[in-house]
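Participant: As input, take structure-v6.txt (compact mmCIF, C-alpha atoms and all ligand atoms):
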```txt
# COMPACT_ATOMS: atom_id res chain seq x y z
CA MET A 1 -19.78 -129.98 -74.35
CA LYS A 2 -21.27 -126.95 -72.57
CA ARG A 3 -19.89 -126.29 -69.09
CA ARG A 4 -22.45 -126.77 -66.33
CA ASP A 5 -22.98 -123.36 -64.69
CA PHE A 6 -23.77 -123.43 -61.02
CA VAL A 7 -25.54 -120.63 -59.17
CA ARG A 8 -22.92 -118.15 -57.98
CA LYS A 9 -22.13 -117.74 -54.29
CA THR A 10 -23.17 -114.07 -54.28
CA THR A 11 -26.51 -114.91 -55.89
CA LEU A 12 -26.99 -117.68 -53.34
CA SER A 13 -26.40 -115.35 -50.44
CA SER A 14 -28.82 -112.72 -51.74
CA LEU A 15 -31.41 -115.44 -52.34
CA ALA A 16 -30.83 -116.63 -48.77
CA THR A 17 -31.48 -113.10 -47.50
CA LEU A 18 -34.68 -112.92 -49.51
CA ILE A 19 -35.91 -116.28 -48.22
CA GLY A 20 -34.64 -115.67 -44.71
CA ALA A 21 -32.79 -118.98 -44.40
CA GLU A 22 -29.56 -120.57 -45.60
CA ILE A 23 -29.98 -122.62 -48.78
CA VAL A 24 -28.19 -125.64 -47.39
CA PHE A 25 -27.47 -127.55 -50.61
CA GLY A 26 -27.34 -124.39 -52.71
CA SER A 27 -24.01 -125.31 -54.28
CA ASN A 28 -25.78 -128.13 -56.14
CA LEU A 29 -28.12 -125.76 -57.96
CA LEU A 30 -27.74 -125.10 -61.66
CA GLU A 31 -27.89 -121.54 -62.98
CA GLY A 32 -31.37 -120.63 -64.14
CA TYR A 33 -33.22 -122.76 -61.62
CA ASN A 34 -35.95 -120.83 -59.82
CA LEU A 35 -36.37 -121.79 -56.19
CA LEU A 36 -39.99 -122.44 -55.28
CA ALA A 37 -39.84 -119.93 -52.45
CA VAL A 38 -38.87 -117.22 -54.91
CA GLN A 39 -41.44 -118.21 -57.54
CA ASP A 40 -44.22 -117.71 -55.04
CA PRO A 41 -43.08 -114.61 -53.20
CA ASP A 42 -44.47 -113.69 -49.82
CA PRO A 43 -45.78 -110.13 -50.31
CA PHE A 44 -45.59 -109.39 -46.60
CA LYS A 45 -41.85 -110.11 -46.58
CA MET A 46 -41.22 -108.66 -50.00
CA PHE A 47 -42.84 -105.31 -49.16
CA ASN A 48 -42.20 -105.38 -45.40
CA LYS A 49 -45.91 -105.31 -44.57
CA ASN A 50 -47.79 -106.39 -41.48
CA LYS A 51 -49.11 -109.98 -41.85
CA GLU A 52 -52.63 -108.72 -41.15
CA MET A 53 -52.67 -106.60 -44.32
CA ILE A 54 -55.16 -107.90 -46.89
CA VAL A 55 -54.06 -108.81 -50.40
CA LEU A 56 -56.81 -107.83 -52.87
CA ASN A 57 -54.84 -108.60 -56.03
CA ASP A 58 -51.35 -109.84 -56.85
CA LYS A 59 -51.20 -108.81 -60.52
CA PRO A 60 -50.96 -105.91 -60.10
CA TRP A 61 -50.23 -105.79 -56.38
CA ASN A 62 -53.05 -104.25 -54.37
CA ILE A 63 -52.91 -104.62 -50.61
CA GLU A 64 -54.91 -102.83 -47.94
CA ALA A 65 -54.64 -102.24 -44.21
CA GLN A 66 -57.24 -103.02 -41.59
CA ALA A 67 -58.44 -100.16 -39.40
CA HIS A 68 -56.57 -101.27 -36.27
CA LEU A 69 -53.27 -101.43 -38.20
CA LEU A 70 -53.53 -97.69 -38.85
CA ASP A 71 -53.38 -96.77 -35.16
CA ASN A 72 -50.04 -94.90 -35.32
CA LYS A 73 -50.21 -91.14 -35.74
CA ILE A 74 -47.73 -91.42 -38.60
CA THR A 75 -48.37 -94.50 -40.70
CA PRO A 76 -45.35 -96.83 -40.78
CA ASN A 77 -44.49 -98.55 -44.05
CA THR A 78 -45.70 -101.86 -42.57
CA ALA A 79 -49.32 -100.58 -42.56
CA MET A 80 -49.39 -98.54 -45.75
CA PHE A 81 -51.73 -99.83 -48.43
CA ILE A 82 -50.31 -100.60 -51.87
CA ARG A 83 -52.20 -99.63 -55.00
CA ASN A 84 -50.64 -100.44 -58.37
CA ASN A 85 -52.17 -100.13 -61.81
CA GLY A 86 -49.27 -101.79 -63.60
CA LEU A 87 -46.04 -103.69 -63.01
CA VAL A 88 -43.53 -102.40 -60.47
CA PRO A 89 -40.44 -101.13 -62.32
CA GLU A 90 -37.39 -103.38 -62.04
CA GLY A 91 -33.71 -102.60 -61.83
CA ILE A 92 -34.09 -98.95 -60.83
CA ASP A 93 -30.76 -97.12 -60.76
CA ALA A 94 -31.24 -93.97 -58.69
CA LYS A 95 -27.85 -92.57 -59.75
CA ASN A 96 -29.01 -92.37 -63.34
CA TRP A 97 -32.61 -91.40 -62.59
CA THR A 98 -33.78 -88.22 -64.28
CA LEU A 99 -36.86 -86.04 -64.18
CA THR A 100 -37.83 -84.12 -67.30
CA ILE A 101 -40.15 -81.14 -67.26
CA ASP A 102 -41.80 -80.69 -70.65
CA GLY A 103 -45.20 -79.97 -72.19
CA GLU A 104 -46.93 -77.29 -74.29
CA SER A 105 -46.69 -74.77 -71.45
CA VAL A 106 -43.09 -75.14 -70.32
CA VAL A 107 -40.77 -72.22 -71.14
CA THR A 108 -37.60 -74.35 -71.37
CA GLN A 109 -37.73 -78.13 -71.36
CA LYS A 110 -35.32 -79.30 -68.66
CA THR A 111 -33.96 -82.57 -67.35
CA TYR A 112 -32.67 -82.96 -63.79
CA THR A 113 -30.80 -85.76 -62.06
CA LEU A 114 -31.83 -86.68 -58.53
CA ASP A 115 -28.70 -84.94 -57.24
CA ASP A 116 -29.69 -81.77 -59.14
CA LEU A 117 -33.10 -81.82 -57.51
CA LYS A 118 -31.71 -82.45 -54.03
CA SER A 119 -28.99 -79.81 -54.22
CA LYS A 120 -30.69 -77.09 -56.26
CA PHE A 121 -33.98 -76.78 -54.41
CA GLU A 122 -34.97 -76.28 -50.78
CA GLN A 123 -36.23 -79.42 -49.02
CA HIS A 124 -39.47 -79.64 -47.08
CA THR A 125 -41.12 -82.26 -44.89
CA TYR A 126 -44.87 -82.70 -44.40
CA GLN A 127 -47.24 -85.35 -43.12
CA LEU A 128 -49.66 -85.91 -45.98
CA THR A 129 -52.87 -87.93 -46.10
CA LEU A 130 -53.21 -90.07 -49.20
CA GLU A 131 -56.45 -91.93 -49.70
CA CYS A 132 -57.28 -94.01 -52.76
CA GLY A 133 -60.35 -92.61 -54.55
CA GLY A 134 -61.81 -96.13 -54.40
CA ASN A 135 -61.42 -96.64 -50.65
CA GLY A 136 -64.76 -98.07 -49.41
CA ARG A 137 -65.72 -99.36 -52.86
CA ASN A 138 -66.82 -102.72 -51.41
CA GLU A 139 -70.06 -101.17 -50.13
CA PHE A 140 -71.43 -99.94 -53.46
CA ASN A 141 -74.60 -101.43 -54.87
CA PRO A 142 -74.90 -102.15 -57.76
CA PRO A 143 -71.29 -103.19 -57.15
CA ALA A 144 -68.44 -101.39 -58.84
CA LYS A 145 -65.64 -103.24 -60.62
CA GLY A 146 -62.11 -102.85 -59.29
CA ASN A 147 -60.29 -103.64 -56.08
CA GLN A 148 -62.85 -104.12 -53.33
CA TRP A 149 -61.23 -101.77 -50.82
CA THR A 150 -62.92 -101.72 -47.41
CA VAL A 151 -61.52 -99.00 -45.13
CA GLY A 152 -57.77 -99.52 -45.37
CA ALA A 153 -56.71 -97.64 -48.51
CA VAL A 154 -55.52 -94.56 -46.66
CA HIS A 155 -52.27 -93.55 -45.00
CA CYS A 156 -50.58 -90.50 -43.56
CA ALA A 157 -46.81 -90.80 -43.74
CA THR A 158 -44.08 -88.17 -43.53
CA TRP A 159 -42.79 -87.13 -46.94
CA THR A 160 -39.58 -85.21 -47.60
CA GLY A 161 -38.74 -83.64 -50.91
CA ILE A 162 -38.78 -80.46 -52.88
CA ARG A 163 -41.73 -78.38 -53.94
CA LEU A 164 -43.08 -79.26 -57.37
CA ARG A 165 -43.64 -75.51 -57.76
CA ASP A 166 -39.92 -74.73 -57.41
CA VAL A 167 -38.99 -77.16 -60.18
CA LEU A 168 -41.80 -76.04 -62.50
CA GLU A 169 -40.81 -72.40 -61.98
CA ASP A 170 -37.17 -73.25 -62.65
CA ALA A 171 -38.16 -74.61 -66.06
CA GLY A 172 -40.64 -71.78 -66.49
CA ILE A 173 -44.43 -71.88 -66.64
CA LYS A 174 -46.17 -70.19 -69.56
CA ASN A 175 -49.27 -68.10 -68.89
CA ASN A 176 -51.48 -70.60 -70.68
CA ALA A 177 -50.62 -73.47 -68.29
CA VAL A 178 -53.71 -75.33 -67.05
CA TYR A 179 -52.66 -78.68 -65.65
CA ILE A 180 -49.67 -80.93 -65.01
CA GLY A 181 -49.54 -84.58 -66.04
CA TYR A 182 -47.07 -87.13 -64.66
CA HIS A 183 -45.33 -89.98 -66.43
CA SER A 184 -43.76 -92.90 -64.59
CA ALA A 185 -41.47 -95.87 -64.99
CA ASP A 186 -43.97 -98.62 -64.21
CA LEU A 187 -44.98 -100.91 -67.04
CA HIS A 188 -48.46 -101.53 -68.43
CA LEU A 189 -49.88 -104.93 -67.41
CA SER A 190 -49.74 -106.03 -71.06
CA GLY A 191 -45.97 -105.46 -71.02
CA ASP A 192 -46.37 -103.05 -73.97
CA PRO A 193 -43.85 -100.24 -73.30
CA LYS A 194 -45.90 -97.80 -75.44
CA LYS A 195 -48.84 -98.03 -73.04
CA GLU A 196 -48.87 -96.31 -69.67
CA PRO A 197 -50.60 -97.96 -66.69
CA ILE A 198 -51.58 -94.55 -65.34
CA SER A 199 -50.70 -90.93 -66.12
CA ARG A 200 -52.72 -88.47 -64.08
CA GLY A 201 -52.14 -84.98 -62.76
CA ALA A 202 -53.62 -81.89 -61.17
CA PRO A 203 -54.65 -78.35 -62.07
CA MET A 204 -51.99 -75.65 -61.64
CA ILE A 205 -53.55 -74.40 -58.40
CA LYS A 206 -52.92 -77.78 -56.73
CA SER A 207 -49.56 -78.28 -58.45
CA LEU A 208 -48.24 -74.96 -57.12
CA GLN A 209 -49.29 -75.47 -53.47
CA ASP A 210 -46.57 -75.42 -50.80
CA GLU A 211 -47.34 -79.01 -49.77
CA THR A 212 -47.26 -80.55 -53.24
CA LEU A 213 -43.92 -82.35 -53.24
CA LEU A 214 -41.58 -84.26 -55.42
CA ALA A 215 -40.53 -86.58 -52.63
CA PHE A 216 -37.50 -88.79 -52.24
CA LYS A 217 -37.95 -89.77 -48.59
CA MET A 218 -40.80 -91.41 -46.71
CA ASN A 219 -40.76 -91.48 -42.91
CA GLY A 220 -37.14 -90.30 -43.01
CA LYS A 221 -35.79 -93.06 -45.27
CA ASP A 222 -35.52 -93.66 -49.01
CA ILE A 223 -39.04 -94.30 -50.31
CA PRO A 224 -39.60 -98.08 -50.47
CA LEU A 225 -39.64 -99.32 -54.08
CA ILE A 226 -43.32 -100.26 -53.94
CA HIS A 227 -44.27 -96.72 -52.86
CA GLY A 228 -42.40 -94.96 -55.64
CA TYR A 229 -38.59 -95.09 -55.20
CA PRO A 230 -36.64 -93.03 -56.09
CA LEU A 231 -38.99 -90.09 -56.82
CA ARG A 232 -42.67 -89.61 -56.18
CA LEU A 233 -45.19 -86.87 -56.61
CA VAL A 234 -47.17 -86.37 -53.38
CA ALA A 235 -50.35 -84.29 -53.45
CA GLY A 236 -52.08 -84.75 -50.09
CA GLY A 237 -55.86 -84.45 -49.74
CA TRP A 238 -56.58 -85.42 -53.35
CA PRO A 239 -57.24 -88.95 -54.58
CA ALA A 240 -53.91 -90.73 -54.14
CA SER A 241 -53.90 -91.51 -57.87
CA VAL A 242 -52.66 -87.92 -58.36
CA SER A 243 -49.52 -88.86 -56.42
CA GLY A 244 -47.56 -90.55 -59.19
CA LYS A 245 -44.95 -93.08 -58.09
CA TRP A 246 -41.62 -93.62 -59.95
CA VAL A 247 -42.06 -90.24 -61.67
CA ASN A 248 -39.60 -89.45 -64.46
CA ARG A 249 -41.45 -86.83 -66.49
CA ILE A 250 -43.92 -84.07 -65.72
CA SER A 251 -45.67 -82.22 -68.51
CA ILE A 252 -47.01 -78.71 -68.05
CA ARG A 253 -50.14 -78.86 -70.16
CA ASN A 254 -52.12 -76.10 -71.85
CA LYS A 255 -55.30 -78.17 -71.31
CA VAL A 256 -56.62 -80.66 -68.78
CA HIS A 257 -54.15 -83.56 -68.85
CA ASP A 258 -55.51 -86.36 -71.02
CA GLY A 259 -53.25 -89.23 -69.92
CA THR A 260 -54.33 -92.77 -69.05
CA LYS A 261 -57.06 -92.84 -66.38
CA MET A 262 -57.96 -89.16 -66.75
CA THR A 263 -61.07 -89.81 -68.84
CA GLY A 264 -64.25 -91.92 -68.93
CA THR A 265 -65.24 -93.37 -65.56
CA ALA A 266 -61.64 -93.44 -64.21
CA TYR A 267 -61.35 -91.20 -61.15
CA ARG A 268 -64.42 -89.32 -62.34
CA VAL A 269 -67.89 -89.19 -60.80
CA PRO A 270 -71.23 -87.83 -62.00
CA CYS A 271 -71.16 -84.02 -61.62
CA GLU A 272 -74.73 -84.22 -60.28
CA PRO A 273 -76.09 -87.10 -58.15
CA VAL A 274 -77.60 -90.03 -60.09
CA ALA A 275 -79.75 -93.03 -59.15
CA PRO A 276 -77.76 -96.22 -58.38
CA GLY A 277 -76.94 -98.06 -61.59
CA GLU A 278 -77.88 -95.16 -63.87
CA LYS A 279 -75.92 -94.66 -67.12
CA VAL A 280 -74.06 -91.35 -67.06
CA LYS A 281 -73.05 -89.45 -70.20
CA ASP A 282 -69.33 -88.79 -70.58
CA GLU A 283 -69.81 -85.01 -70.53
CA ASP A 284 -71.70 -85.31 -67.23
CA MET A 285 -68.70 -86.84 -65.45
CA CYS A 286 -66.33 -84.66 -63.36
CA ILE A 287 -62.74 -85.31 -62.25
CA ILE A 288 -62.42 -85.97 -58.51
CA GLU A 289 -60.45 -83.21 -56.81
CA SER A 290 -60.33 -82.72 -53.02
CA MET A 291 -61.39 -85.87 -51.10
CA PRO A 292 -64.44 -85.66 -48.79
CA VAL A 293 -64.38 -85.52 -44.99
CA LYS A 294 -63.79 -88.92 -43.39
CA SER A 295 -62.58 -90.67 -40.25
CA ILE A 296 -61.48 -94.07 -38.99
CA ILE A 297 -61.51 -95.66 -35.54
CA THR A 298 -58.15 -97.37 -35.12
CA TYR A 299 -58.48 -98.53 -31.51
CA PRO A 300 -59.92 -100.83 -30.35
CA LYS A 301 -60.17 -103.41 -33.09
CA SER A 302 -63.76 -104.11 -34.12
CA GLY A 303 -65.14 -107.04 -32.10
CA ALA A 304 -63.43 -106.07 -28.84
CA ILE A 305 -64.94 -107.41 -25.62
CA ILE A 306 -64.84 -105.25 -22.52
CA GLN A 307 -65.82 -105.71 -18.88
CA ASP A 308 -69.05 -104.15 -17.67
CA GLY A 309 -68.33 -101.08 -15.57
CA THR A 310 -65.05 -100.14 -17.26
CA SER A 311 -64.82 -97.22 -19.62
CA LEU A 312 -63.43 -97.75 -23.08
CA LYS A 313 -60.86 -95.43 -24.62
CA ILE A 314 -61.22 -95.16 -28.37
CA ARG A 315 -59.00 -93.32 -30.81
CA GLY A 316 -58.56 -92.71 -34.51
CA HIS A 317 -57.89 -90.19 -37.24
CA ALA A 318 -59.97 -87.81 -39.34
CA TRP A 319 -59.21 -85.87 -42.51
CA ALA A 320 -61.06 -83.65 -44.97
CA GLY A 321 -59.20 -83.32 -48.27
CA GLU A 322 -58.12 -79.69 -48.73
CA LEU A 323 -60.04 -78.68 -45.62
CA GLU A 324 -59.65 -79.37 -41.92
CA VAL A 325 -61.85 -81.38 -39.60
CA SER A 326 -63.48 -78.98 -37.13
CA LYS A 327 -65.74 -81.36 -35.21
CA MET A 328 -65.60 -85.02 -34.24
CA GLU A 329 -68.47 -87.02 -32.72
CA TYR A 330 -69.27 -90.61 -31.86
CA SER A 331 -72.49 -92.52 -31.27
CA ILE A 332 -73.13 -95.78 -29.39
CA ASP A 333 -76.85 -95.93 -30.23
CA PHE A 334 -76.76 -96.31 -34.03
CA GLY A 335 -76.71 -92.58 -34.64
CA ALA A 336 -79.75 -91.60 -32.52
CA THR A 337 -77.55 -89.35 -30.36
CA TRP A 338 -74.01 -88.06 -30.82
CA LYS A 339 -71.36 -86.94 -28.35
CA ASP A 340 -68.55 -84.54 -29.16
CA CYS A 341 -65.01 -85.76 -28.77
CA PRO A 342 -61.76 -83.81 -28.88
CA ILE A 343 -59.94 -83.58 -32.19
CA GLU A 344 -56.34 -82.37 -32.46
CA LYS A 345 -55.20 -79.73 -34.92
CA PRO A 346 -53.26 -81.13 -37.91
CA VAL A 347 -49.45 -80.89 -37.58
CA ASN A 348 -49.51 -79.25 -41.01
CA ARG A 349 -52.08 -78.67 -43.74
CA LEU A 350 -53.28 -81.91 -45.39
CA ALA A 351 -52.17 -84.14 -42.48
CA TRP A 352 -54.81 -86.25 -40.77
CA GLN A 353 -55.96 -85.27 -37.28
CA HIS A 354 -56.27 -87.45 -34.20
CA PHE A 355 -59.27 -87.97 -31.95
CA SER A 356 -59.87 -89.91 -28.77
CA ALA A 357 -62.74 -90.42 -26.34
CA SER A 358 -63.55 -92.31 -23.20
CA ILE A 359 -66.85 -94.15 -23.47
CA ASP A 360 -69.10 -95.57 -20.74
CA PHE A 361 -71.76 -98.10 -21.68
CA PRO A 362 -75.09 -98.18 -19.82
CA LYS A 363 -75.30 -101.99 -19.46
CA LYS A 364 -74.06 -105.34 -20.75
CA GLY A 365 -74.73 -106.12 -24.36
CA TYR A 366 -73.80 -105.49 -27.98
CA TYR A 367 -72.95 -102.02 -29.20
CA GLU A 368 -71.55 -100.34 -32.25
CA ILE A 369 -69.40 -97.25 -32.07
CA TRP A 370 -69.91 -94.97 -35.03
CA ALA A 371 -67.57 -92.03 -35.67
CA ARG A 372 -68.48 -88.88 -37.59
CA ALA A 373 -66.25 -86.01 -38.67
CA THR A 374 -67.40 -82.58 -39.86
CA ASP A 375 -65.23 -80.31 -42.01
CA THR A 376 -64.68 -76.56 -41.70
CA GLN A 377 -67.48 -75.92 -44.20
CA GLY A 378 -69.95 -77.73 -41.92
CA ILE A 379 -70.21 -80.83 -44.08
CA ALA A 380 -70.41 -84.07 -42.07
CA GLN A 381 -69.81 -87.66 -43.08
CA PRO A 382 -72.99 -89.48 -44.11
CA MET A 383 -73.97 -92.42 -41.90
CA LEU A 384 -74.49 -94.67 -44.88
CA LEU A 385 -73.06 -94.90 -48.39
CA PRO A 386 -73.21 -91.55 -50.19
CA GLY A 387 -73.89 -90.93 -53.90
CA TRP A 388 -73.58 -93.97 -56.13
CA ASN A 389 -71.17 -93.63 -59.05
CA PRO A 390 -70.10 -96.11 -61.74
CA LYS A 391 -66.64 -96.92 -60.34
CA GLY A 392 -67.43 -96.75 -56.63
CA TYR A 393 -65.40 -93.72 -55.57
CA LEU A 394 -65.68 -91.40 -52.55
CA ASN A 395 -67.40 -93.61 -50.01
CA ASN A 396 -66.94 -91.52 -46.88
CA ALA A 397 -69.67 -93.17 -44.77
CA CYS A 398 -69.09 -93.27 -41.00
CA HIS A 399 -66.72 -95.96 -39.81
CA ARG A 400 -68.23 -98.41 -37.34
CA ILE A 401 -66.79 -100.92 -34.89
CA ALA A 402 -68.54 -103.65 -32.88
CA ILE A 403 -68.16 -103.88 -29.08
CA LYS A 404 -69.47 -106.43 -26.57
CA VAL A 405 -69.80 -105.49 -22.92
CA THR A 406 -69.84 -108.63 -20.74
N1 LIG B 1 -46.75 -94.68 -61.39
C1 LIG B 1 -47.82 -94.96 -60.67
N2 LIG B 1 -48.24 -94.10 -59.73
C2 LIG B 1 -49.32 -94.37 -58.98
C3 LIG B 1 -50.08 -95.55 -59.20
C4 LIG B 1 -49.62 -96.46 -60.19
O1 LIG B 1 -50.20 -97.51 -60.44
N3 LIG B 1 -48.48 -96.13 -60.90
N4 LIG B 1 -51.24 -95.76 -58.50
C5 LIG B 1 -51.89 -94.56 -57.96
C6 LIG B 1 -53.01 -94.85 -57.08
S1 LIG B 1 -54.48 -95.22 -57.83
C7 LIG B 1 -52.90 -94.75 -55.71
S2 LIG B 1 -54.25 -94.95 -54.72
C8 LIG B 1 -51.60 -94.45 -55.08
C9 LIG B 1 -51.22 -95.53 -54.08
O2 LIG B 1 -50.03 -95.23 -53.44
P1 LIG B 1 -49.30 -96.31 -52.51
O3 LIG B 1 -49.23 -97.61 -53.27
O4 LIG B 1 -47.97 -95.75 -52.20
O5 LIG B 1 -50.14 -96.46 -51.27
O6 LIG B 1 -50.53 -94.34 -56.01
C10 LIG B 1 -50.88 -93.69 -57.23
N5 LIG B 1 -49.69 -93.49 -58.02
MO MO B 2 -56.16 -95.17 -56.14
```
As a first step, turn the structure in this file into structure tokens.
Ligand SMILES: Nc1nc2c(c(=O)[nH]1)N[C@H]1C(S)=C(S)[C@@H](COP(=O)(O)O)O[C@H]1N2
Ligand SMILES: [Mo]
Facilitator:
Amino acid sequence: MKRRDFVRKTTLSSLATLIGAEIVFGSNLLEGYNLLAVQDPDPFKMFNKNKEMIVLNDKPWNIEAQAHLLDNKITPNTAMFIRNNGLVPEGIDAKNWTLTIDGESVVTQKTYTLDDLKSKFEQHTYQLTLECGGNGRNEFNPPAKGNQWTVGAVHCATWTGIRLRDVLEDAGIKNNAVYIGYHSADLHLSGDPKKEPISRGAPMIKSLQDETLLAFKMNGKDIPLIHGYPLRLVAGGWPASVSGKWVNRISIRNKVHDGTKMTGTAYRVPCEPVAPGEKVKDEDMCIIESMPVKSIITYPKSGAIIQDGTSLKIRGHAWAGELEVSKMEYSIDFGATWKDCPIEKPVNRLAWQHFSASIDFPKKGYYEIWARATDTQGIAQPMLLPGWNPKGYLNNACHRIAIKVT
């Protein structure tokens, strides 16, 4: 007769840590039994996220912040949105992790361990703004399929790593190099190992920038698994889909990278504006590069009630893709008039900038505060939804919060 296998003590204690409570009668459990609490995981605990984050999808995991959760100057892990196209890789062993540089335009194909990368190349730290290309998608009409992001698919964390440029140059870049394409360890939703959930990239000019990193630390610690542990490409100011998580191979291409989600309507918009709902020919679609100017009011939370006669301090962040924000304004009269408010310089290129203002309201009643950023080329955020596109990308309309003065 087969011996009855009971759940091991070590397994029980790690399960207890996961659940956050002792499993009192755990010694009675047979091996192979899945505890209910583990079958239905709590994403907030599992990913260490604030309970006010909003789960848009659990297969794959897609979770966004709310504006007021993004109040910190440097976004903590607890408020960072999660955007996955496939299944989070399991059983990652950082000691045996490798990164291969290959492709038509590499001089010598090379493979590095994480230790090689950390010891061979100089390390750099930058605050980098990553915004999902689909942030704000929920406002498009006709609606666009995909996660219905509102305003919370953006973060600016501190990333530490080595320059992608240094590694590419170490392997050697041929003159005919055009683009890089990343490959990652996450699994396609179908479970088919031959399919990639996503494999995007960037032109050489972006790939060779000082701030384009192969990062192994986020906010001074190992990158959390869900954000790309143990190695992540980080290309601030461009749609965050360029910033491949769990990267294990980078190809130097002699043409525009043609990996999964580089073609069709994925991360591409009509090169010229089109009417809402219009069919756009494939050759008239362009790959999104630098993200447009945008801002978010992170304090107070929309719906705040204040006392008549007191002034209200607001604050938030603004960013402009490859550019800087040069002007910040707010309106309390639905955009009829605008007042300037101070905007700080970025701590480094591609980091978001902080603004604050003290607002007095003329009388009791309902108001909305609208915020508007302008970039160094004089381009301002639109007040309402900008150009419609099939997949609902690049909504950089002014952020608005509601205020009642009583
Ligand atoms: N390997 C891999 N990298 C990826 C993705 C993914 O699904 N797999 N999603 C991309 C997209 S679309 C976005 S918006 C960002 C989200 O990064 P975050 O989850 O760390 O916030 O990761 C990008 N990198
Ligand atoms: Mo994204």
Participant: Using all atoms listed in the file, what are the residues with an atom within 9 Å of ligand LIG 1 (chain B), set out as a ChimeraX atom specification?
Facilitator: /A:60-64,80-88,130-135,153-155,182-187,196-200,224,226-228,232-234,239-247,267
Participant: Closest to Phe216 in chain A among A:Ile250, A:Asp58, A:Gln148, A:Trp97, using only C-alpha atoms?
Facilitator: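 Going through A:Ile250, A:Asp58, A:Gln148, A:Trp97 one by one, the smallest distance to Phe216 in chain A is for A:Trp97.
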Participant: Which polymer residues, protein or nucleic acid, are no farther than 9 Å from (-27.3, -123.3, -61.3), counting only C-alpha atoms, as a list in words?
Facilitator: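 Collected hits near the coordinates: Arg4, Asp5, Phe6, Val7, Arg8, Gly26, Ser27, Asn28, Leu29, Leu30, Glu31, Gly32 and Tyr33 of chain A.
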Participant: Could you name the residues that touch Gly136 in chain A at 7 Å or less, counting all atoms listed in the file, but leaving out those on the same chain fewer than 2 positions away, as an NGL selection string?
Facilitator: :A and (134 or 138-139 or 149-151 or 395)
Participant: Ranking A:Ala357, A:Ile296, A:Leu114, A:Ile23 by minimum distance to Asn396 in chain A and counting only C-alpha atoms, which one comes first?
Facilitator: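 Checking each of A:Ala357, A:Ile296, A:Leu114, A:Ile23 against Asn396 in chain A, counting only C-alpha atoms, the winner is A:Ile296.
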Participant: Near range 277-292 of chain A, counting all atoms listed in the file, which residues have an atom at most 7 Å away, once you skip same-chain residues fewer than 3 positions from it, shown as a ChimeraX atom specification?
Facilitator: /A:142,237-239,264,267-271,274,320-322,394,396
Participant: In terms of the shortest atom-to-atom distance over only C-alpha atoms and all ligand atoms, which of A:Ile205, A:Leu56, A:Ala266, A:Ala37 is closest to ligand MO 2 (chain B)?
Facilitator: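 Distance minimum relative to ligand MO 2 (chain B) lands on A:Ala266.
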Participant: In Å, how far is it from CA of Asp42 in chain A to CA of Ala65 in chain A?
Facilitator: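 Result for CA of Asp42 in chain A versus CA of Ala65 in chain A: 16.3 Å, one decimal.
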Participant: At what distance in Å, to one decimal, does CA of Gly392 in chain A lie from CA of Gly152 in chain A?
Facilitator: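 CA of Gly152 in chain A sits 15.1 Å away from CA of Gly392 in chain A.
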Participant: Tell me, in Å to one decimal, how far CA of Leu189 in chain A is from CA of Asn57 in chain A.
Facilitator: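 CA of Leu189 in chain A sits 12.9 Å away from CA of Asn57 in chain A.
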Participant: Which neighbours of Ile314 in chain A fall inside 7 Å, counting only C-alpha atoms, when residues of the same chain fewer than 2 positions from it are skipped, and could you give them as number ranges by chain?
Facilitator: A: 299-300, 312, 356-358
Participant: Given the choices A:Tyr179, A:Tyr229, A:Tyr367, A:Phe47, which gets closest to Pro89 in chain A if the distance is worked out from all atoms listed in the file?
Facilitator: A:Tyr229
Participant: Once you count all atoms listed in the file, what closest atom pair and distance in Å to one decimal does each residue of range 320-357 of chain A within 12 Å of range 376-380 of chain A have, with rows by chain and rising residue number, as a Markdown table?
Facilitator:
```
| residue | atom | partner | partner_atom | distance |
| --- | --- | --- | --- | --- |
| A:Ala320 | CA | A:Thr376 | CA | 8.6 |
| A:Gly321 | CA | A:Thr376 | CA | 10.9 |
| A:Glu322 | CA | A:Thr376 | CA | 10.1 |
| A:Leu323 | CA | A:Thr376 | CA | 6.4 |
| A:Glu324 | CA | A:Thr376 | CA | 5.8 |
| A:Val325 | CA | A:Thr376 | CA | 6.0 |
| A:Ser326 | CA | A:Thr376 | CA | 5.3 |
| A:Lys327 | CA | A:Thr376 | CA | 8.1 |
| A:Met328 | CA | A:Ala380 | CA | 9.2 |
| A:Glu329 | CA | A:Ala380 | CA | 10.0 |
```
Participant: Between A:Phe44, A:Gly146, A:Lys51, A:Val106, single out the one closest to ligand MO 2 (chain B), counting only C-alpha atoms and all ligand atoms.
Facilitator: A:Gly146
